[in-house]
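Engineer: I'd like to ask some things about the structure below.
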Amino acid sequence: MPEPALSDPEKNFLRTLRRGQRIEGTVIEIADFGVTFVDIGGFTAMINIPELSWRRVNYPADVVFVGQQITAEILDGDIERGRVALSLKALQDDPLTELEQQIGSLVSGPVTKIVPIGVFVRVEASTRSARRRSGARTPACSPR
């Protein structure tokens, strides 16, 4: 199915957008398949689930709501396809940067998953870390 043809004003608007530019918009729809649609001045842009947050997101509605005013970063603009991809995550601090500063430090957190090669431990509210089983103690209980 071909993409709908853009009007000249829409094409002109898209030409003004730059990758990395911050833009304000309003969430107008949250699709069942996980894409969030945002009105950015009369043009509809989209945010895919991985670009909503650094933390794991199961449902976009856990992060944004219809009618919410947001500021996002433009990831890409495609005039040929009439699409603009946005990111909320790009404007958030990368939690791994802070975690890197803790390398070599003792940290604690709840075990979130046990796998054959080791365990996953939540060390920050939005990140998980893996630890190889060779350095891990036997868990007191197994997950059910």
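Residues are named by chain letter and number: chains run A, B, ... in the order of the structure tokens, numbers start at 1 in each chain, and ligands are numbered from 1 in the order shown.
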List every residue of chain A that DSSP, applied to the backbone, labels as strand (DSSP E or B), and write the result as an NGL selection string.
Structural biologist: :A and (22-30 or 36-39 or 44-47 or 69-78 or 83-87 or 111-115 or 118-124 or 127-132)
Engineer: Find the residues near Leu75 in chain A: any atom within 9 Å, counting only C-alpha atoms, skip ones fewer than 5 places away on the same chain, and give them as a PyMOL selection string.
Structural biologist: chain A and resi 18-21+84-87+90
Engineer: For the residues in the current selection, export all heavy atoms as a CSV table (one decimal), in the first residue's frame.
Structural biologist:
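Output saved as again.csv:
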chain,number,residue,atom,x,y,z
A,18,ARG,N,15.1,18.9,11.9
A,18,ARG,CA,16.5,18.4,11.9
A,18,ARG,C,16.7,17.3,12.9
A,18,ARG,O,16.2,17.4,14.0
A,18,ARG,CB,17.5,19.5,12.2
A,18,ARG,CG,17.5,20.7,11.2
A,18,ARG,CD,18.1,20.2,9.9
A,18,ARG,NE,18.0,21.3,8.9
A,18,ARG,CZ,17.1,21.2,7.9
A,18,ARG,NH1,16.3,20.2,7.7
A,18,ARG,NH2,17.1,22.2,7.0
A,19,ARG,N,17.4,16.3,12.6
A,19,ARG,CA,17.8,15.2,13.5
A,19,ARG,C,18.4,15.8,14.7
A,19,ARG,O,19.3,16.7,14.6
A,19,ARG,CB,18.7,14.2,12.8
A,19,ARG,CG,19.0,13.0,13.7
A,19,ARG,CD,19.9,12.0,12.9
A,19,ARG,NE,19.0,11.3,12.0
A,19,ARG,CZ,19.3,11.0,10.8
A,19,ARG,NH1,20.5,11.4,10.3
A,19,ARG,NH2,18.5,10.4,10.0
A,20,GLY,N,18.0,15.4,15.9
A,20,GLY,CA,18.5,15.9,17.2
A,20,GLY,C,17.8,17.2,17.7
A,20,GLY,O,18.0,17.6,18.8
A,21,GLN,N,16.9,17.7,16.9
A,21,GLN,CA,16.2,18.9,17.3
A,21,GLN,C,15.1,18.5,18.3
A,21,GLN,O,14.5,17.5,18.3
A,21,GLN,CB,15.5,19.5,16.1
A,21,GLN,CG,14.5,20.6,16.3
A,21,GLN,CD,13.8,21.1,15.0
A,21,GLN,OE1,14.2,20.7,13.9
A,21,GLN,NE2,12.7,21.8,15.2
A,84,VAL,N,7.9,11.0,10.7
A,84,VAL,CA,8.9,11.6,11.6
A,84,VAL,C,8.9,10.7,12.8
A,84,VAL,O,7.9,10.4,13.4
A,84,VAL,CB,8.5,13.0,12.0
A,84,VAL,CG1,9.4,13.6,13.1
A,84,VAL,CG2,8.5,13.9,10.8
A,85,ALA,N,10.1,10.3,13.2
A,85,ALA,CA,10.3,9.4,14.4
A,85,ALA,C,10.9,10.3,15.5
A,85,ALA,O,11.8,11.1,15.3
A,85,ALA,CB,11.3,8.3,14.1
A,86,LEU,N,10.2,10.2,16.7
A,86,LEU,CA,10.6,11.0,17.9
A,86,LEU,C,11.1,10.0,19.0
A,86,LEU,O,10.9,8.8,19.0
A,86,LEU,CB,9.4,11.7,18.4
A,86,LEU,CG,8.7,12.7,17.5
A,86,LEU,CD1,7.5,13.3,18.2
A,86,LEU,CD2,9.7,13.8,17.0
A,87,SER,N,11.8,10.7,20.0
A,87,SER,CA,12.3,9.9,21.1
A,87,SER,C,12.1,10.8,22.4
A,87,SER,O,12.6,11.9,22.4
A,87,SER,CB,13.7,9.5,21.0
A,87,SER,OG,14.2,8.9,22.1
A,90,ALA,N,15.8,9.9,24.4
A,90,ALA,CA,17.0,10.7,24.0
A,90,ALA,C,17.2,11.9,24.9
A,90,ALA,O,18.3,12.4,25.0
A,90,ALA,CB,16.9,11.1,22.5
Engineer: Enumerate as an NGL selection string all residues of range 1-141 of chain A assigned to helix (DSSP H, G or I) by DSSP on the backbone, naming them with the chain letters and numbers the document uses.
Structural biologist: :A and (8-16 or 49-51 or 60-62 or 89-91 or 95-100 or 133-135)
Engineer: Take the residues from that selection and put them in a file with N, CA and C atoms, as an mmCIF file, in the first residue's frame.
Structural biologist:
data_model
loop_
_atom_site.group_PDB
_atom_site.id
_atom_site.type_symbol
_atom_site.label_atom_id
_atom_site.label_comp_id
_atom_site.auth_asym_id
_atom_site.auth_seq_id
_atom_site.Cartn_x
_atom_site.Cartn_y
_atom_site.Cartn_z
ATOM 1 N N ASP A 8 2.109 20.215 -0.082
ATOM 2 C CA ASP A 8 3.295 21.082 -0.105
ATOM 3 C C ASP A 8 3.593 21.677 1.265
ATOM 4 N N PRO A 9 2.571 22.150 2.008
ATOM 5 C CA PRO A 9 2.875 22.667 3.351
ATOM 6 C C PRO A 9 3.474 21.607 4.274
ATOM 7 N N GLU A 10 3.009 20.352 4.160
ATOM 8 C CA GLU A 10 3.570 19.272 4.980
ATOM 9 C C GLU A 10 5.027 19.008 4.599
ATOM 10 N N LYS A 11 5.316 18.974 3.307
ATOM 11 C CA LYS A 11 6.693 18.780 2.851
ATOM 12 C C LYS A 11 7.586 19.911 3.350
ATOM 13 N N ASN A 12 7.092 21.130 3.242
ATOM 14 C CA ASN A 12 7.870 22.285 3.705
ATOM 15 C C ASN A 12 8.132 22.203 5.206
ATOM 16 N N PHE A 13 7.120 21.775 5.964
ATOM 17 C CA PHE A 13 7.287 21.624 7.404
ATOM 18 C C PHE A 13 8.359 20.578 7.702
ATOM 19 N N LEU A 14 8.293 19.437 7.021
ATOM 20 C CA LEU A 14 9.273 18.377 7.240
ATOM 21 C C LEU A 14 10.691 18.837 6.910
ATOM 22 N N ARG A 15 10.834 19.694 5.919
ATOM 23 C CA ARG A 15 12.160 20.193 5.545
ATOM 24 C C ARG A 15 12.768 21.076 6.640
ATOM 25 N N THR A 16 11.943 21.620 7.510
ATOM 26 C CA THR A 16 12.474 22.487 8.584
ATOM 27 C C THR A 16 12.986 21.677 9.772
ATOM 28 N N ILE A 49 7.886 2.152 21.061
ATOM 29 C CA ILE A 49 8.032 1.786 22.477
ATOM 30 C C ILE A 49 9.459 1.919 23.008
ATOM 31 N N PRO A 50 10.484 1.436 22.313
ATOM 32 C CA PRO A 50 11.833 1.528 22.885
ATOM 33 C C PRO A 50 12.322 2.968 23.076
ATOM 34 N N GLU A 51 11.683 3.920 22.424
ATOM 35 C CA GLU A 51 12.099 5.320 22.527
ATOM 36 C C GLU A 51 11.321 6.107 23.570
ATOM 37 N N PRO A 60 2.716 1.741 26.287
ATOM 38 C CA PRO A 60 3.014 3.173 26.215
ATOM 39 C C PRO A 60 2.210 4.002 27.211
ATOM 40 N N ALA A 61 0.994 3.548 27.531
ATOM 41 C CA ALA A 61 0.145 4.294 28.472
ATOM 42 C C ALA A 61 0.744 4.336 29.878
ATOM 43 N N ASP A 62 1.755 3.504 30.149
ATOM 44 C CA ASP A 62 2.453 3.580 31.432
ATOM 45 C C ASP A 62 3.396 4.786 31.486
ATOM 46 N N LYS A 89 13.249 9.131 25.195
ATOM 47 C CA LYS A 89 14.426 8.552 25.847
ATOM 48 C C LYS A 89 15.680 9.385 25.568
ATOM 49 N N ALA A 90 15.787 9.917 24.359
ATOM 50 C CA ALA A 90 16.974 10.684 23.977
ATOM 51 C C ALA A 90 17.173 11.921 24.855
ATOM 52 N N LEU A 91 16.109 12.403 25.483
ATOM 53 C CA LEU A 91 16.211 13.585 26.346
ATOM 54 C C LEU A 91 16.377 13.214 27.819
ATOM 55 N N PRO A 95 20.944 5.872 32.213
ATOM 56 C CA PRO A 95 21.254 5.316 33.531
ATOM 57 C C PRO A 95 22.546 4.509 33.548
ATOM 58 N N LEU A 96 22.996 4.031 32.409
ATOM 59 C CA LEU A 96 24.237 3.263 32.370
ATOM 60 C C LEU A 96 25.460 4.141 32.606
ATOM 61 N N THR A 97 25.365 5.429 32.291
ATOM 62 C CA THR A 97 26.471 6.347 32.548
ATOM 63 C C THR A 97 26.747 6.420 34.042
ATOM 64 N N GLU A 98 25.698 6.568 34.835
ATOM 65 C CA GLU A 98 25.855 6.587 36.287
ATOM 66 C C GLU A 98 26.330 5.237 36.807
ATOM 67 N N LEU A 99 25.817 4.183 36.217
ATOM 68 C CA LEU A 99 26.195 2.839 36.638
ATOM 69 C C LEU A 99 27.676 2.571 36.357
ATOM 70 N N GLU A 100 28.190 3.096 35.241
ATOM 71 C CA GLU A 100 29.610 2.929 34.912
ATOM 72 C C GLU A 100 30.507 3.478 36.015
ATOM 73 N N ARG A 133 27.355 -16.625 36.953
ATOM 74 C CA ARG A 133 27.093 -17.577 38.025
ATOM 75 C C ARG A 133 28.360 -17.925 38.799
ATOM 76 N N SER A 134 29.528 -17.864 38.194
ATOM 77 C CA SER A 134 30.756 -18.246 38.895
ATOM 78 C C SER A 134 30.995 -17.369 40.121
ATOM 79 N N GLY A 135 30.511 -16.136 40.085
ATOM 80 C CA GLY A 135 30.693 -15.245 41.228
ATOM 81 C C GLY A 135 29.441 -15.100 42.062
#
Engineer: Skipping near chain neighbours, those fewer than 5 positions away, what residues fall within 8 Å of Val63 in chain A using only C-alpha atoms, listed as a PDB file with C-alpha atoms, in the first residue's frame?
Structural biologist:
ATOM      1  CA  LEU A  52       9.695   6.115  25.366  1.00  0.00           C
ATOM      2  CA  SER A  53      12.075   5.401  28.243  1.00  0.00           C
ATOM      3  CA  VAL A  57       7.958  -0.337  28.937  1.00  0.00           C
TER       4      VAL A  57
END
Engineer: Just want the 9 Å neighbourhood of Ala45 in chain A, counted on only C-alpha atoms, with same-chain residues fewer than 4 positions away dropped. Output as a list in words.
Structural biologist: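 These residues fall inside the cut-off: Gly25, Thr36, Phe37, Val38, Asp39, Ile40, Arg83, Val84, Ala85 and Leu86 of chain A.
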Engineer: Do you have the CA of Ile74 in chain A-CA of Thr26 in chain A distance handy?
Structural biologist: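 Rounded to one decimal, the two atoms are 14.3 Å apart.
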Engineer: Figure out the distance between CA of Ile23 in chain A and CA of Gly82 in chain A, please, to one decimal in Å.
Structural biologist: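 So the answer is 17.0 Å.
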Engineer: Would you mind reading off the distance between CA of Ala31 in chain A and CA of Val64 in chain A, one decimal, in Å?
Structural biologist: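 Going from CA of Ala31 in chain A over to CA of Val64 in chain A covers 12.0 Å.
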Engineer: Which residue out of A:Gly67, A:Val123, A:Val35, A:Asp78 has the minimum interatomic distance to Pro110 in chain A when only C-alpha atoms are used?
Structural biologist: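 Of all the options, A:Val123 lies closest to Pro110 in chain A.
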Engineer: Hey, which of A:Asn58, A:Leu88, A:Ile103, A:Leu17 ends up closest to Gly34 in chain A? Count only C-alpha atoms.
Structural biologist: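 Checking each of A:Asn58, A:Leu88, A:Ile103, A:Leu17 against Gly34 in chain A, counting only C-alpha atoms, the winner is A:Asn58.
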